[in-house]
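The structure under discussion appears below in the form of structure tokens.
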Amino acid sequence: MSSTDPTEQPMLAPLLRENRRSLSLFILLAGMFIFVAAAGALYFALRPEILRIAVGPAGSDDQKLIQALAQTFARDRSSVRLAVIPTDGAAESIALLGASKTDLAVTRGDLDMPADAQSVAILRKNVVVLWAPSGLPAQGSKKTPAPKIKSLDDLPGHRIGVVGRTPANVTLLHVILNESGIVADKVEVVQFDTKQINEMARDPTLDAFMAVGPLDSKITSEAIAATARDRGEPKFLPIDVSEAIAQRHPLYESEEIPGSTFSSSPARPDDKIETVSVNHLMVARRVLSETTVATLTRQLFAARRSLEKELPGAANIETPDTDKDAALPAHRGAAAYIDGTERTFLEKYSDYMWGAFLLLSGLGSAGAWLRSYLKRDEKTSTIALRDRVLALITQARDGNSAQQLNEMQREVDGILREALNSYDGGALEEGDLAAFGLAFEQFHRAVVDRRTALGDITPDLVRFRSRQ
């Protein structure tokens, strides 16, 4: 007789049900985890990335352009947006970039840059304009007065008024003078705010003027017109050593100012003039994502045309130099967009896709192990139930009464229900169910044989039931 205690059998059903509930709970939690992970990944993939950009001063063309770009990106629901950080000027903007307090900055290319600063786009080219007043003709005189300053060589010993208070303009002037063979200390420099143009034009102690800005600069045109009105028609001073400056100082470039750039009647200048330019840039830190900067650059040049109607200066936006030996290298994201080497979707996200695949595989393996771990008790319980049926077969062959056989039959009926429930729940496989079927059949035969032996049923009834 089996050593299995019949009193233990009623405990098996609750145990199986508890294990099935644990497995169902695990499957539910795993499904929720996968859903939350997928939803989180989708949220982070689709949410716009906001980049901080430092630009100033307030009310400047630079700030107006960046504000317009920020509004355009927000209106178009672009994947990269801009958050404007106002500053007092390019120097403060680049200082914030160096302190990692901004992601982007609008600045001049000849300012001291952080070691990891790289260009994203050229917003405009600032050209140097140098001119000297010719003087107003004397009352009643028909003779055109001659300017004191006819070339850069005449500047020593004179005062020059510079539009803008940024030290970068003075530094640039000194480079021009030194490369022209002129001792910079012999030229006195007086700086004026952009709001002091009329004051500068009326200052009789100034013998020459300098402005740095784009060819379509309103400030430069107003300064030239003001000095022409108060001091006579300007004599524009060419920078004949512009190419030499560009070679020795890579941050500067040689440029030409076309005739009639600042006025067509009278023509100012009356012919093209050789000069020097410096780029006004949007720069980013090297650590900024390649994908993010490539997307930003694409959005920037896509929005340029639509902004030209509102801000004519947007037409000056150009691509930076992508050569590796450039004075200020282009950010790898901007270079990828400009050179057409942007990675495809699969190239960008293949590593993430493989990582997700491996993660899901790992989760699947972990789930299978956990499922097996949780079902270990069910498996043990199933084996115990089967062993109990085998034990009942032996007991049935030695049964002493029909009542005892009926009790055994009821217990086997309960085991049958548990076996079918386990099969439905996945804890019992088809092979195990077949083994149960064989055990149930043997038990049935043992009961029939014992009932016959006890005289509870006749052999003819046994044969009749067998035929049924």
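For the structure tokens, the naming scheme is as follows: chains receive sequential letters (A, B, ...) according to their order of presentation, residues are indexed from 1 within each chain, and ligands are indexed from 1 in presentation order.
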List every residue of segment 55-248 of chain A that DSSP, applied to the backbone, labels as alpha helix (DSSP H), and write the result as a ChimeraX atom specification.
/A:61-75,90-98,167-179,197-202,218-231,242-248
Keeping only C-alpha atoms, write the selected residues as a compact mmCIF listing (two decimals), in the first residue's frame.
# COMPACT_ATOMS: atom_id res chain seq x y z
CA ASP A 61 19.45 91.08 -35.94
CA ASP A 62 21.02 87.93 -34.49
CA GLN A 63 18.41 87.67 -31.76
CA LYS A 64 15.57 88.39 -34.18
CA LEU A 65 16.80 85.64 -36.50
CA ILE A 66 17.12 83.06 -33.73
CA GLN A 67 13.71 84.00 -32.29
CA ALA A 68 12.18 83.55 -35.75
CA LEU A 69 13.85 80.15 -36.11
CA ALA A 70 12.60 79.08 -32.67
CA GLN A 71 9.04 80.10 -33.57
CA THR A 72 9.25 78.33 -36.94
CA PHE A 73 10.48 75.10 -35.39
CA ALA A 74 7.75 75.20 -32.75
CA ARG A 75 5.04 75.97 -35.32
CA ALA A 90 28.71 87.36 -28.70
CA ALA A 91 31.37 87.37 -25.98
CA GLU A 92 28.88 86.45 -23.25
CA SER A 93 27.22 83.89 -25.50
CA ILE A 94 30.46 82.02 -26.11
CA ALA A 95 31.32 82.24 -22.39
CA LEU A 96 28.05 80.46 -21.56
CA LEU A 97 28.89 77.77 -24.10
CA GLY A 98 32.32 77.28 -22.50
CA PRO A 167 37.06 94.46 -28.44
CA ALA A 168 37.05 92.04 -31.39
CA ASN A 169 36.74 94.97 -33.82
CA VAL A 170 39.86 96.63 -32.40
CA THR A 171 41.74 93.33 -32.52
CA LEU A 172 40.78 92.91 -36.17
CA LEU A 173 41.90 96.47 -36.98
CA HIS A 174 45.27 95.81 -35.35
CA VAL A 175 45.70 92.66 -37.46
CA ILE A 176 44.96 94.65 -40.61
CA LEU A 177 47.40 97.43 -39.63
CA ASN A 178 50.19 95.06 -38.61
CA GLU A 179 49.88 92.97 -41.78
CA ILE A 197 26.56 107.01 -35.20
CA ASN A 198 25.51 110.64 -35.59
CA GLU A 199 27.81 111.68 -32.75
CA MET A 200 30.68 109.83 -34.40
CA ALA A 201 29.99 111.43 -37.78
CA ARG A 202 30.09 114.94 -36.33
CA LYS A 218 21.76 98.86 -42.05
CA ILE A 219 24.16 100.13 -39.39
CA THR A 220 27.09 100.32 -41.81
CA SER A 221 25.01 102.04 -44.48
CA GLU A 222 23.71 104.59 -41.94
CA ALA A 223 27.23 105.29 -40.67
CA ILE A 224 28.54 105.91 -44.20
CA ALA A 225 25.56 108.14 -45.04
CA ALA A 226 25.95 110.11 -41.77
CA THR A 227 29.67 110.78 -42.33
CA ALA A 228 29.00 111.76 -45.95
CA ARG A 229 26.38 114.25 -44.81
CA ASP A 230 28.49 115.81 -42.06
CA ARG A 231 32.05 115.34 -43.35
CA SER A 242 43.60 90.67 -47.46
CA GLU A 243 44.85 87.42 -48.99
CA ALA A 244 47.98 87.49 -46.85
CA ILE A 245 45.81 88.04 -43.77
CA ALA A 246 43.61 85.07 -44.71
CA GLN A 247 46.66 82.84 -45.07
CA ARG A 248 48.26 83.86 -41.79
Please identify the strand (DSSP E or B) residues within segment 104-296 of chain A (assignment by DSSP from backbone atoms) and present them as number ranges by chain.
A: 104-108, 117-133, 159-163, 188-192, 208-213, 234-236, 252-257, 263-264, 267-268, 273-285
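Our summary of the geometry notes that atom CA of Arg286 of chain A is positioned 9.8 Å from atom CA of Asp103 of chain A.
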Please measure the separation of atom CA of Leu251 of chain A and atom CA of Asn279 of chain A, giving the value in Å to one decimal.
7.9 Å
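Note that atom CA of Pro329 of chain A and atom CA of Met113 of chain A are 11.6 Å apart.
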Counting only C-alpha atoms, what is within 7 Å of Ala294 of chain A, bar same-chain residues fewer than 2 positions away, as a VMD selection string?
chain A and resid 290 to 292 296 to 298 333 to 334 336 to 337
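Between Val293 of chain A and the residues A:Ser119, A:Ser134, A:Asn126, A:Thr322, the shortest atom-to-atom distance, using only C-alpha atoms, involves A:Ser119.
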